[in-house]
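Here the structure is laid out as C-alpha cells; the discussion comes afterwards.
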Amino acid sequence: MRIVVAGATGLIGKRHLQHVVDEPEAELAGIIDPAEIAPELALRHNCRHFKSVDDLLASLKSGTFSADAVIVATPTSTHAVLAQELVKENLSVLVEKPLAVTGTEGRAILDTCRKATGAGGKGIIMVGHHRRHNSYVLAVKKAIDEGRLGRIVAINGVWAMRKPMDYFAIPWRQQLGSGGVVLTNASHEIDILQYLLGDISEVYATEGVKERGFPVDETVLATFKFASGVVGSFLFSDAATSPHSWEAATGENPYIPRTGETCLTVLGTRGSMGIPSLTRFHYDDLPPDEQNWSFPLGRDEKSKADVDDIQPLARQLKHFISAVRGQAEPNCSAEDGLKTVLVIEAIFQSLTLHSPVTVGQL
C-alpha cells in the first residue's frame, strides 16, 4: 500500500515515517512537509517530496503520482482541513489525535466522509489514538470484558511530565487552539477512558498554576462522569517533575525513559488493576462475608501474560492497512475521535465557566 506521511519531520511524524518504512505491507510513497530538511529526508528514503497537500493533490490529478493513503501528523489546528481535503479525493486518512480542535470541526469531517462515501468514494478516516493498540490497554480491556474486575465504579489517572523549554520553540505549541497539555496529551488519555468504559457524559475541570508565560494550559485536573455511572479523575501536567505518565509507565515512547510507576488505575467491585503493573487485587479466595477491608487482598498476575513488545504505532499501521483494504472496521473511527474532541471541548468550557459541563452529542 502506497502511503504518504504529512508532517514527516515532526516528533510524531518521524515515528510514523519509520513504521511505514519498516512495514512489509506498506511503501513510503512520499512526504508532505515545508521544512528545509524535508527534501533531504525524501531523498534519503527514495520517495517524492511535496511542500503542501495541494502539491500532492495536483500530482495525483495529473497522473504523475499515485497513493492509497495519507498519515496526517501535522499541527492539531490543521487536522480538520487536511483530512477533509484528502478524503474528498478518494484517499484514506490516518489522522493524528485529536481529530479536530472543536466539535464543529469534527462534525464537518464526519459530514465530508458521509458525502464522499455517498458519492462512491472509498477513502476512510481513522484517528491515530494509537494507545488502543497498546498491549497494556488491551490487557485491561480484556480483564474488564471478562468481568474479572466486577462492575467498574471508578477510574483514576495521572499524566505528568516536565517538558523542556525548547519543546515550545515551535510556535504552535504555545498557542491556544493547537498547544497545551489538554489538546496535546490529555486527548490520548480521554480516548482510552472512553475505549475502556464508554462515553463520558459530564466534565468538571480546574486549572493549576502556570510558570512559562504562554497562554496554553500547563496543569489541569478533570473529573468525569460516565454515562454508565462510573466516576473518574485525571491530573494532566506538562510542568511537573514526575514519574507518572503513560509513556514513562509503559515504555511506549522510545525517547522517554521508563519508570514503571502507575499512571492509571481501574477500580471495580470484584477487583482493581493498575497500569503498568496489571496486578489484579481481589478477594476471590475468600467467602462473601470476608470480602471486605478487614481481610488481606489477593494478587492475580494473569494479565501480565497479555503484554507484548509490539509497538502500538506498528500495530496501528497494520490495522489501518487492513481497514483501507476493507478487511477490518477502523478501530478508532472518526466518530470515536469526535467523542474525544467533545470531551476536550467540555473541559475548556468548564475551565471558563468554573462549573460542570455536559458533554456535547455527535
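Here's how to read the names in the C-alpha cells: chain A, B, ... by the order shown, residue numbers from 1 in each chain, ligand numbers from 1 in the order shown.
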*Find the residues around Gly30 of chain A up to 8 Å (only C-alpha atoms counted), leave out those fewer than 2 positions away in its own chain, and share them as a PyMOL selection string.*
chain A and resi 3-5+28+32+42+47-50
So that I have them on file, write out the residues from the current selection with N, CA, C and O atoms, as a PDB file, in the first residue's frame.
ATOM      1  N   ILE A   3       1.777   4.837   0.837  1.00  0.00           N
ATOM      2  CA  ILE A   3       1.388   5.759   1.908  1.00  0.00           C
ATOM      3  C   ILE A   3       2.268   7.000   1.882  1.00  0.00           C
ATOM      4  O   ILE A   3       3.491   6.922   1.693  1.00  0.00           O
ATOM      5  N   VAL A   4       1.631   8.155   2.078  1.00  0.00           N
ATOM      6  CA  VAL A   4       2.324   9.438   2.187  1.00  0.00           C
ATOM      7  C   VAL A   4       2.224   9.903   3.633  1.00  0.00           C
ATOM      8  O   VAL A   4       1.163   9.773   4.264  1.00  0.00           O
ATOM      9  N   VAL A   5       3.302  10.448   4.184  1.00  0.00           N
ATOM     10  CA  VAL A   5       3.299  10.971   5.547  1.00  0.00           C
ATOM     11  C   VAL A   5       3.366  12.494   5.496  1.00  0.00           C
ATOM     12  O   VAL A   5       4.335  13.062   4.978  1.00  0.00           O
ATOM     13  N   LEU A  28       6.575   3.635   1.478  1.00  0.00           N
ATOM     14  CA  LEU A  28       6.613   5.083   1.684  1.00  0.00           C
ATOM     15  C   LEU A  28       6.674   5.749   0.314  1.00  0.00           C
ATOM     16  O   LEU A  28       7.725   5.801  -0.319  1.00  0.00           O
ATOM     17  N   ILE A  32       4.916  14.976   2.855  1.00  0.00           N
ATOM     18  CA  ILE A  32       4.446  16.346   2.687  1.00  0.00           C
ATOM     19  C   ILE A  32       4.983  17.140   3.861  1.00  0.00           C
ATOM     20  O   ILE A  32       4.635  16.869   5.010  1.00  0.00           O
ATOM     21  N   ALA A  42      13.266  13.070   2.065  1.00  0.00           N
ATOM     22  CA  ALA A  42      12.643  12.327   0.967  1.00  0.00           C
ATOM     23  C   ALA A  42      13.691  11.623   0.109  1.00  0.00           C
ATOM     24  O   ALA A  42      13.507  10.467  -0.298  1.00  0.00           O
ATOM     25  N   CYS A  47      11.749   8.696  -1.968  1.00  0.00           N
ATOM     26  CA  CYS A  47      10.328   8.933  -2.183  1.00  0.00           C
ATOM     27  C   CYS A  47      10.121  10.387  -2.618  1.00  0.00           C
ATOM     28  O   CYS A  47      11.041  11.209  -2.555  1.00  0.00           O
ATOM     29  N   ARG A  48       8.917  10.718  -3.039  1.00  0.00           N
ATOM     30  CA  ARG A  48       8.608  12.065  -3.507  1.00  0.00           C
ATOM     31  C   ARG A  48       8.447  13.030  -2.338  1.00  0.00           C
ATOM     32  O   ARG A  48       7.991  12.653  -1.254  1.00  0.00           O
ATOM     33  N   HIS A  49       8.821  14.269  -2.589  1.00  0.00           N
ATOM     34  CA  HIS A  49       8.619  15.324  -1.603  1.00  0.00           C
ATOM     35  C   HIS A  49       7.606  16.329  -2.129  1.00  0.00           C
ATOM     36  O   HIS A  49       7.690  16.773  -3.274  1.00  0.00           O
ATOM     37  N   PHE A  50       6.638  16.687  -1.266  1.00  0.00           N
ATOM     38  CA  PHE A  50       5.657  17.719  -1.584  1.00  0.00           C
ATOM     39  C   PHE A  50       5.688  18.765  -0.482  1.00  0.00           C
ATOM     40  O   PHE A  50       5.758  18.427   0.696  1.00  0.00           O
TER      41      PHE A  50
END
_Those in segment 132-284 of chain A with alpha helix (DSSP H) from DSSP, as a list in words_ =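 Secondary structure check on segment 132-284 of chain A, alpha helix (DSSP H): Ser135, Tyr136, Val137, Leu138, Ala139, Val140, Lys141, Lys142, Ala143, Ile144, Asp145, Val181, Ser187, His188, Glu189, Ile190, Asp191, Ile192, Leu193, Gln194, Tyr195, Leu196, Leu197, Trp246, Glu247, Ala248, Ala249 and Thr250 of chain A.
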*Do a neighbour search on Tyr167 of chain A at 12 Å with only C-alpha atoms, toss out local chain neighbours closer than 3 positions, and write the hits as a PyMOL selection string.*
chain A and resi 10-11+162-164+170-174+179-180+212+238-239
*Find, counting only C-alpha atoms, the residue in A:Gln194, A:Tyr204, A:Ile71, A:Gln18 that gets nearest to Arg2 of chain A.*
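Nearest to Arg2 of chain A: A:Ile71.
Comparing A:Asn253, A:Val341, A:Ala29, A:Tyr195 by their smallest distance to Phe65 of chain A, the closest is A:Ala29 (using only C-alpha atoms).
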*Based on DSSP run over this structure's backbone, return all residues of segment 46-219 of chain A in strand (DSSP E), as a PyMOL selection string.*
chain A and resi 48-50+69-72+92-96+125-128+152-160+200-207+219
Can you write out the residues you just picked, keeping C-alpha atoms, as a compact mmCIF listing (two decimals), in the first residue's frame?
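Generated output (out.txt):
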# COMPACT_ATOMS: atom_id res chain seq x y z
CA ARG A 48 8.61 12.06 -3.51
CA HIS A 49 8.62 15.32 -1.60
CA PHE A 50 5.66 17.72 -1.58
CA ALA A 69 -3.45 6.71 1.94
CA VAL A 70 -2.01 9.64 3.89
CA ILE A 71 -0.93 9.79 7.52
CA VAL A 72 -1.62 13.32 8.81
CA SER A 92 -7.80 7.11 3.07
CA VAL A 93 -6.51 9.08 6.04
CA LEU A 94 -4.93 8.16 9.35
CA VAL A 95 -5.13 11.49 11.18
CA GLU A 96 -3.15 12.01 14.36
CA ILE A 125 -10.76 8.20 8.08
CA MET A 126 -9.18 6.56 11.09
CA VAL A 127 -7.96 8.53 14.11
CA GLY A 128 -4.47 7.89 15.47
CA ILE A 152 -16.44 -0.75 37.37
CA VAL A 153 -17.13 2.07 39.81
CA ALA A 154 -14.23 4.48 39.30
CA ILE A 155 -11.04 5.25 37.45
CA ASN A 156 -8.08 7.42 38.43
CA GLY A 157 -5.11 8.59 36.38
CA VAL A 158 -2.13 10.91 36.13
CA TRP A 159 -0.25 12.18 33.11
CA ALA A 160 2.55 14.38 34.43
CA ILE A 200 -18.13 10.43 29.26
CA SER A 201 -21.27 12.47 29.86
CA GLU A 202 -20.14 15.25 32.23
CA VAL A 203 -16.89 17.06 32.98
CA TYR A 204 -15.62 19.43 35.65
CA ALA A 205 -12.12 20.87 35.28
CA THR A 206 -9.92 23.34 37.11
CA GLU A 207 -6.57 24.81 36.06
CA THR A 219 -1.73 21.78 34.61
Near-segment 131-134 of chain A list (12 Å; only C-alpha atoms; drop same-chain fewer than 2 positions) as a CSV table (one decimal) with N, CA, C and O atoms, in the first residue's frame:
chain,number,residue,atom,x,y,z
A,96,GLU,N,-3.6,12.0,13.0
A,96,GLU,CA,-3.2,12.0,14.4
A,96,GLU,C,-4.2,12.6,15.3
A,96,GLU,O,-5.0,13.4,14.9
A,97,LYS,N,-4.1,12.2,16.5
A,97,LYS,CA,-5.1,12.7,17.5
A,97,LYS,C,-4.7,14.2,17.8
A,97,LYS,O,-3.5,14.5,17.7
A,127,VAL,N,-8.6,7.6,13.2
A,127,VAL,CA,-8.0,8.5,14.1
A,127,VAL,C,-6.8,7.8,14.8
A,127,VAL,O,-7.0,6.7,15.3
A,128,GLY,N,-5.7,8.5,14.9
A,128,GLY,CA,-4.5,7.9,15.5
A,128,GLY,C,-4.4,7.9,17.0
A,128,GLY,O,-3.4,8.3,17.5
A,129,HIS,N,-5.4,7.4,17.6
A,129,HIS,CA,-5.3,7.2,19.1
A,129,HIS,C,-4.7,5.8,19.3
A,129,HIS,O,-5.3,4.8,19.5
A,136,TYR,N,-0.9,-3.1,26.9
A,136,TYR,CA,-1.4,-2.8,28.3
A,136,TYR,C,-2.9,-2.5,28.3
A,136,TYR,O,-3.6,-3.0,29.1
A,137,VAL,N,-3.3,-1.6,27.4
A,137,VAL,CA,-4.7,-1.3,27.2
A,137,VAL,C,-5.5,-2.5,26.9
A,137,VAL,O,-6.6,-2.7,27.5
A,138,LEU,N,-5.0,-3.3,26.0
A,138,LEU,CA,-5.7,-4.5,25.5
A,138,LEU,C,-5.9,-5.5,26.7
A,138,LEU,O,-6.9,-6.1,26.8
A,139,ALA,N,-4.9,-5.5,27.6
A,139,ALA,CA,-4.9,-6.5,28.7
A,139,ALA,C,-6.0,-6.0,29.7
A,139,ALA,O,-6.7,-6.8,30.3
A,140,VAL,N,-6.0,-4.7,30.0
A,140,VAL,CA,-7.0,-4.2,30.9
A,140,VAL,C,-8.4,-4.3,30.4
A,140,VAL,O,-9.4,-4.7,31.1
A,141,LYS,N,-8.6,-4.0,29.1
A,141,LYS,CA,-9.9,-4.2,28.4
A,141,LYS,C,-10.4,-5.6,28.5
A,141,LYS,O,-11.6,-5.9,28.8
A,185,ASN,N,-1.8,16.2,25.0
A,185,ASN,CA,-1.6,14.9,25.8
A,185,ASN,C,-2.8,14.3,26.4
A,185,ASN,O,-3.0,13.1,26.3
A,187,SER,N,-5.8,14.2,25.3
A,187,SER,CA,-6.6,13.6,24.3
A,187,SER,C,-6.4,12.1,24.2
A,187,SER,O,-7.3,11.3,24.0
A,188,HIS,N,-5.1,11.7,24.4
A,188,HIS,CA,-4.8,10.2,24.4
A,188,HIS,C,-5.5,9.5,25.6
A,188,HIS,O,-6.1,8.5,25.4
A,189,GLU,N,-5.4,10.1,26.8
A,189,GLU,CA,-6.0,9.5,28.0
A,189,GLU,C,-7.5,9.5,27.9
A,189,GLU,O,-8.1,8.5,28.3
A,190,ILE,N,-8.1,10.5,27.4
A,190,ILE,CA,-9.6,10.6,27.3
A,190,ILE,C,-10.1,9.5,26.4
A,190,ILE,O,-11.1,8.9,26.7
A,191,ASP,N,-9.4,9.3,25.3
A,191,ASP,CA,-9.8,8.3,24.4
A,191,ASP,C,-9.7,6.9,25.0
A,191,ASP,O,-10.7,6.1,24.9
A,192,ILE,N,-8.7,6.7,25.8
A,192,ILE,CA,-8.5,5.4,26.4
A,192,ILE,C,-9.6,5.2,27.5
A,192,ILE,O,-10.2,4.1,27.6
A,193,LEU,N,-10.0,6.2,28.2
A,193,LEU,CA,-11.0,6.1,29.2
A,193,LEU,C,-12.3,5.7,28.6
A,193,LEU,O,-13.1,4.8,29.1
A,194,GLN,N,-12.7,6.3,27.4
A,194,GLN,CA,-13.9,6.0,26.7
A,194,GLN,C,-13.8,4.6,26.0
A,194,GLN,O,-14.9,3.9,25.9
A,195,TYR,N,-12.7,4.3,25.6
A,195,TYR,CA,-12.5,3.0,25.0
A,195,TYR,C,-12.7,1.9,26.0
A,195,TYR,O,-13.4,0.8,25.7
A,196,LEU,N,-12.3,2.1,27.2
A,196,LEU,CA,-12.4,1.1,28.3
A,196,LEU,C,-13.8,1.1,28.9
A,196,LEU,O,-14.4,0.0,29.2
A,246,TRP,N,1.9,8.0,31.0
A,246,TRP,CA,1.7,6.8,30.2
A,246,TRP,C,3.0,6.3,29.6
A,246,TRP,O,3.4,5.2,29.7
A,247,GLU,N,3.7,7.3,29.0
A,247,GLU,CA,5.0,6.9,28.3
A,247,GLU,C,6.0,6.4,29.2
A,247,GLU,O,6.7,5.4,29.0
A,250,THR,N,4.9,2.8,30.8
A,250,THR,CA,4.8,1.6,29.9
A,250,THR,C,6.1,1.5,29.0
A,250,THR,O,6.3,0.4,28.4
A,251,GLY,N,6.9,2.5,28.9
A,251,GLY,CA,8.0,2.5,27.9
A,251,GLY,C,7.6,2.6,26.5
A,251,GLY,O,8.4,2.2,25.6
A,252,GLU,N,6.4,3.1,26.2
A,252,GLU,CA,5.8,3.1,24.9
A,252,GLU,C,6.7,4.0,23.9
A,252,GLU,O,6.9,3.7,22.8
A,253,ASN,N,7.1,5.1,24.5
A,253,ASN,CA,7.9,6.1,23.6
A,253,ASN,C,9.3,5.9,23.9
A,253,ASN,O,9.9,6.0,25.0
A,275,ILE,N,-2.1,0.2,35.6
A,275,ILE,CA,-1.1,0.2,34.5
A,275,ILE,C,0.1,0.9,35.0
A,275,ILE,O,0.0,2.1,35.5
A,276,PRO,N,1.3,0.3,35.0
A,276,PRO,CA,1.7,-0.8,34.2
A,276,PRO,C,1.7,-2.2,34.9
A,276,PRO,O,2.1,-3.2,34.3
A,306,ASP,N,-0.4,-11.0,28.9
A,306,ASP,CA,-1.0,-10.4,27.7
A,306,ASP,C,-0.2,-9.3,27.1
A,306,ASP,O,-0.5,-8.7,26.1
A,307,VAL,N,0.9,-8.9,27.8
A,307,VAL,CA,1.7,-7.8,27.3
A,307,VAL,C,2.8,-8.3,26.4
A,307,VAL,O,3.4,-9.4,26.6
A,308,ASP,N,3.0,-7.6,25.3
A,308,ASP,CA,4.0,-7.9,24.3
A,308,ASP,C,4.8,-6.7,24.0
A,308,ASP,O,4.6,-5.6,24.5
A,309,ASP,N,5.8,-6.9,23.1
A,309,ASP,CA,6.8,-5.8,22.8
A,309,ASP,C,6.4,-5.1,21.5
A,309,ASP,O,7.2,-4.3,21.0
A,310,ILE,N,5.3,-5.4,20.9
A,310,ILE,CA,4.9,-4.8,19.6
A,310,ILE,C,4.6,-3.3,19.8
A,310,ILE,O,3.8,-3.0,20.7
A,311,GLN,N,5.2,-2.4,19.1
A,311,GLN,CA,5.0,-1.0,19.2
A,311,GLN,C,3.6,-0.7,18.8
A,311,GLN,O,3.1,-1.1,17.7
A,312,PRO,N,2.8,0.1,19.6
A,312,PRO,CA,1.4,0.4,19.3
A,312,PRO,C,1.3,1.1,17.9
A,312,PRO,O,0.3,0.8,17.2
A,313,LEU,N,2.2,1.9,17.5
A,313,LEU,CA,2.2,2.6,16.2
A,313,LEU,C,2.3,1.6,15.1
A,313,LEU,O,1.7,1.7,14.0
A,314,ALA,N,3.1,0.5,15.3
A,314,ALA,CA,3.3,-0.5,14.3
A,314,ALA,C,2.0,-1.3,14.2
A,314,ALA,O,1.5,-1.6,13.1
A,315,ARG,N,1.4,-1.7,15.3
A,315,ARG,CA,0.1,-2.4,15.3
A,315,ARG,C,-1.0,-1.6,14.7
A,315,ARG,O,-1.8,-2.1,14.0
A,316,GLN,N,-1.0,-0.3,15.0
A,316,GLN,CA,-2.0,0.6,14.5
A,316,GLN,C,-1.9,0.7,12.9
A,316,GLN,O,-2.9,0.6,12.2
A,317,LEU,N,-0.6,0.8,12.4
A,317,LEU,CA,-0.4,0.8,11.0
A,317,LEU,C,-0.9,-0.4,10.3
A,317,LEU,O,-1.6,-0.3,9.2
A,318,LYS,N,-0.7,-1.6,10.9
A,318,LYS,CA,-1.2,-2.8,10.3
A,318,LYS,C,-2.7,-2.8,10.2
A,318,LYS,O,-3.3,-3.2,9.2
A,319,HIS,N,-3.3,-2.4,11.3
A,319,HIS,CA,-4.7,-2.3,11.4
A,319,HIS,C,-5.3,-1.3,10.3
A,319,HIS,O,-6.3,-1.6,9.7
A,320,PHE,N,-4.7,-0.2,10.2
A,320,PHE,CA,-5.1,0.8,9.2
A,320,PHE,C,-5.0,0.3,7.8
A,320,PHE,O,-6.0,0.5,7.0
A,330,PRO,N,-12.4,0.3,11.1
A,330,PRO,CA,-11.4,1.1,11.9
A,330,PRO,C,-11.6,1.0,13.4
A,330,PRO,O,-12.7,1.1,13.9
A,331,ASN,N,-10.5,0.7,14.0
A,331,ASN,CA,-10.5,0.5,15.5
A,331,ASN,C,-10.8,1.8,16.2
A,331,ASN,O,-11.4,1.8,17.3
A,332,CYS,N,-10.5,2.9,15.6
A,332,CYS,CA,-10.8,4.3,16.1
A,332,CYS,C,-11.4,5.1,15.0
A,332,CYS,O,-10.6,5.7,14.2
A,333,SER,N,-12.7,5.1,14.8
A,333,SER,CA,-13.3,5.8,13.7
A,333,SER,C,-13.3,7.3,13.9
A,333,SER,O,-13.0,7.8,15.0
A,336,ASP,N,-15.5,8.0,16.8
A,336,ASP,CA,-14.8,7.8,18.1
A,336,ASP,C,-13.9,9.0,18.4
A,336,ASP,O,-13.8,9.5,19.5
A,337,GLY,N,-13.2,9.5,17.3
A,337,GLY,CA,-12.3,10.6,17.5
A,337,GLY,C,-13.1,11.9,17.9
A,337,GLY,O,-12.6,12.7,18.7
_Distance of atom CA of Ile144 of chain A from atom CA of Leu297 of chain A, expressed in Å to one decimal place_ = 18.7 Å
Pull the closest atom pair for each residue of segment 231-279 of chain A that gets at most 9 Å from segment 298-303 of chain A, along with the distance in Å to one decimal, counting only C-alpha atoms, ordering rows by chain and then ascending residue number, as a tab-separated table.
residue	atom	partner	partner_atom	distance
A:Ser277	CA	A:Glu301	CA	8.6
A:Leu278	CA	A:Ser303	CA	5.9
A:Thr279	CA	A:Glu301	CA	5.0
*Skip Glu261 of chain A itself and residues of its chain fewer than 4 positions away, then list as a PyMOL selection string all residues within 7 Å of it, counting only C-alpha atoms.*
chain A and resi 243-244+249
Using only C-alpha atoms, please write the residues we just selected to a file, as a tab-separated table (two decimals), in the first residue's frame.
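The result, stored in out-v8.tsv:
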chain	number	residue	atom	x	y	z
A	243	PRO	CA	7.44	9.55	37.04
A	244	HIS	CA	3.68	9.19	36.47
A	249	ALA	CA	4.96	3.90	32.91
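Between atom CA of Ser77 of chain A and atom CA of Val357 of chain A the separation is 23.4 Å.
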*Contacts of His282 of chain A within 10 Å, only C-alpha atoms, excl. fewer than 2 positions in-chain, as a ChimeraX atom specification*: /A:148-149,268-273,279-280,284-286,291-292,296-300
All heavy atoms of the current selection, written as a compact mmCIF listing (two decimals), in the first residue's frame:
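out-v1.txt, freshly written:
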# COMPACT_ATOMS: atom_id res chain seq x y z
N ARG A 148 -13.56 -9.73 35.34
CA ARG A 148 -12.63 -10.03 36.43
C ARG A 148 -12.51 -8.89 37.43
O ARG A 148 -12.00 -9.09 38.55
CB ARG A 148 -11.26 -10.40 35.86
CG ARG A 148 -11.30 -11.73 35.08
CD ARG A 148 -10.03 -11.97 34.29
NE ARG A 148 -8.86 -11.90 35.14
CZ ARG A 148 -7.71 -11.32 34.79
NH1 ARG A 148 -7.60 -10.75 33.59
NH2 ARG A 148 -6.69 -11.33 35.61
N LEU A 149 -12.97 -7.69 37.05
CA LEU A 149 -12.96 -6.56 37.97
C LEU A 149 -14.36 -6.28 38.53
O LEU A 149 -14.54 -5.37 39.33
CB LEU A 149 -12.42 -5.31 37.28
CG LEU A 149 -11.02 -5.40 36.69
CD1 LEU A 149 -10.58 -4.06 36.11
CD2 LEU A 149 -10.01 -5.89 37.72
N GLY A 268 -13.03 -1.72 40.48
CA GLY A 268 -14.30 -2.39 40.33
C GLY A 268 -14.73 -3.10 41.59
O GLY A 268 -13.97 -3.19 42.56
N THR A 269 -15.93 -3.64 41.60
CA THR A 269 -16.47 -4.29 42.79
C THR A 269 -15.79 -5.62 43.10
O THR A 269 -15.80 -6.07 44.24
CB THR A 269 -17.98 -4.54 42.62
OG1 THR A 269 -18.20 -5.29 41.41
CG2 THR A 269 -18.74 -3.23 42.54
N ARG A 270 -15.18 -6.25 42.09
CA ARG A 270 -14.51 -7.53 42.30
C ARG A 270 -12.98 -7.40 42.31
O ARG A 270 -12.28 -8.37 42.64
CB ARG A 270 -14.90 -8.54 41.22
CG ARG A 270 -16.27 -9.13 41.38
CD ARG A 270 -16.41 -10.34 40.47
NE ARG A 270 -15.38 -11.34 40.73
CZ ARG A 270 -14.93 -12.21 39.82
NH1 ARG A 270 -15.40 -12.19 38.58
NH2 ARG A 270 -14.00 -13.09 40.14
N GLY A 271 -12.49 -6.23 41.93
CA GLY A 271 -11.04 -6.08 41.90
C GLY A 271 -10.63 -4.75 41.30
O GLY A 271 -11.45 -4.02 40.74
N SER A 272 -9.35 -4.45 41.44
CA SER A 272 -8.78 -3.26 40.82
C SER A 272 -7.50 -3.64 40.11
O SER A 272 -6.87 -4.64 40.44
CB SER A 272 -8.51 -2.17 41.87
OG SER A 272 -7.52 -2.62 42.80
N MET A 273 -7.14 -2.80 39.12
CA MET A 273 -5.95 -3.10 38.32
C MET A 273 -5.33 -1.79 37.87
O MET A 273 -6.04 -0.87 37.45
CB MET A 273 -6.34 -3.95 37.11
CG MET A 273 -5.17 -4.33 36.21
SD MET A 273 -5.69 -5.38 34.82
CE MET A 273 -6.05 -6.92 35.66
N THR A 279 -1.40 -5.98 37.99
CA THR A 279 -1.77 -6.86 39.10
C THR A 279 -3.24 -6.61 39.46
O THR A 279 -3.64 -5.47 39.64
CB THR A 279 -0.89 -6.57 40.34
OG1 THR A 279 0.48 -6.85 40.02
CG2 THR A 279 -1.32 -7.44 41.52
N ARG A 280 -4.02 -7.68 39.53
CA ARG A 280 -5.42 -7.54 39.94
C ARG A 280 -5.51 -7.86 41.42
O ARG A 280 -5.20 -8.98 41.86
CB ARG A 280 -6.33 -8.49 39.15
CG ARG A 280 -7.82 -8.33 39.50
CD ARG A 280 -8.69 -9.22 38.64
NE ARG A 280 -8.58 -10.63 38.99
CZ ARG A 280 -9.42 -11.27 39.82
NH1 ARG A 280 -10.43 -10.62 40.37
NH2 ARG A 280 -9.24 -12.55 40.07
N ASP A 284 -11.19 -12.95 45.75
CA ASP A 284 -11.81 -14.14 45.15
C ASP A 284 -11.70 -15.39 46.02
O ASP A 284 -12.58 -16.25 45.97
CB ASP A 284 -11.16 -14.44 43.79
CG ASP A 284 -11.51 -13.42 42.73
OD1 ASP A 284 -12.27 -12.48 43.05
OD2 ASP A 284 -11.03 -13.54 41.59
N ASP A 285 -10.62 -15.49 46.78
CA ASP A 285 -10.38 -16.72 47.54
C ASP A 285 -11.07 -16.74 48.90
O ASP A 285 -10.93 -17.71 49.67
CB ASP A 285 -8.88 -16.93 47.75
CG ASP A 285 -8.13 -17.00 46.42
OD1 ASP A 285 -8.71 -17.54 45.46
OD2 ASP A 285 -6.99 -16.50 46.34
N LEU A 286 -11.81 -15.67 49.19
CA LEU A 286 -12.47 -15.58 50.49
C LEU A 286 -13.98 -15.73 50.34
O LEU A 286 -14.55 -15.42 49.29
CB LEU A 286 -12.17 -14.21 51.13
CG LEU A 286 -10.70 -13.89 51.40
CD1 LEU A 286 -10.56 -12.49 51.96
CD2 LEU A 286 -10.11 -14.91 52.38
N GLN A 291 -15.14 -10.67 52.17
CA GLN A 291 -14.63 -9.87 51.05
C GLN A 291 -14.79 -8.39 51.37
O GLN A 291 -15.62 -7.68 50.80
CB GLN A 291 -15.35 -10.26 49.75
CG GLN A 291 -15.04 -11.68 49.32
CD GLN A 291 -15.69 -12.06 48.01
OE1 GLN A 291 -16.29 -11.24 47.33
NE2 GLN A 291 -15.56 -13.33 47.63
N ASN A 292 -13.96 -7.94 52.29
CA ASN A 292 -14.01 -6.53 52.73
C ASN A 292 -12.68 -6.12 53.31
O ASN A 292 -11.76 -6.93 53.40
CB ASN A 292 -15.15 -6.33 53.73
CG ASN A 292 -14.98 -7.16 54.99
OD1 ASN A 292 -14.07 -6.94 55.77
ND2 ASN A 292 -15.86 -8.16 55.17
N PRO A 296 -7.02 -9.63 54.10
CA PRO A 296 -5.96 -9.32 53.13
C PRO A 296 -6.41 -9.55 51.68
O PRO A 296 -7.15 -10.50 51.38
CB PRO A 296 -4.83 -10.27 53.50
CG PRO A 296 -5.51 -11.39 54.24
CD PRO A 296 -6.67 -10.77 54.96
N LEU A 297 -5.97 -8.69 50.80
CA LEU A 297 -6.26 -8.81 49.38
C LEU A 297 -5.39 -9.88 48.73
O LEU A 297 -4.21 -10.04 49.08
CB LEU A 297 -6.01 -7.48 48.68
CG LEU A 297 -7.02 -6.37 48.92
CD1 LEU A 297 -6.40 -5.01 48.59
CD2 LEU A 297 -8.26 -6.60 48.07
N GLY A 298 -5.96 -10.57 47.76
CA GLY A 298 -5.18 -11.49 46.95
C GLY A 298 -4.60 -10.76 45.75
O GLY A 298 -5.03 -9.66 45.40
N ARG A 299 -3.63 -11.38 45.10
CA ARG A 299 -2.99 -10.80 43.91
C ARG A 299 -3.06 -11.79 42.76
O ARG A 299 -2.68 -12.95 42.91
CB ARG A 299 -1.51 -10.45 44.19
CG ARG A 299 -1.32 -9.31 45.17
CD ARG A 299 0.16 -9.18 45.54
NE ARG A 299 0.39 -8.05 46.41
CZ ARG A 299 0.99 -6.92 46.04
NH1 ARG A 299 1.43 -6.79 44.79
NH2 ARG A 299 1.17 -5.93 46.89
N ASP A 300 -3.53 -11.29 41.64
CA ASP A 300 -3.65 -12.10 40.43
C ASP A 300 -2.77 -11.45 39.36
O ASP A 300 -2.99 -10.30 38.98
CB ASP A 300 -5.11 -12.14 39.99
CG ASP A 300 -5.32 -12.77 38.63
OD1 ASP A 300 -4.36 -13.34 38.07
OD2 ASP A 300 -6.46 -12.69 38.11
*Which of these, A:Leu353, A:Leu197, A:Leu264, A:Ile347, has the shortest distance to Ser228 of chain A once you count only C-alpha atoms?*
A:Leu197
*To one decimal in Å, tell me the separation between atom CA of Phe236 of chain A and atom CA of Val220 of chain A.*
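Separating atom CA of Phe236 of chain A from atom CA of Val220 of chain A is a distance of 5.2 Å.
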_Given only C-alpha atoms as the counted atoms, nearest of A:Leu235, A:Val324, A:Val20, A:Cys263 to Ala186 of chain A_ =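 Under the stated criterion, the closest residue is A:Leu235.
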*Please identify all polymer residues within 10 Å of Arg325 of chain A, counting only C-alpha atoms, omitting same-chain residues fewer than 4 positions from it, and present them as a VMD selection string.*
chain A and resid 1 68 92 122 to 124 319 to 321 329
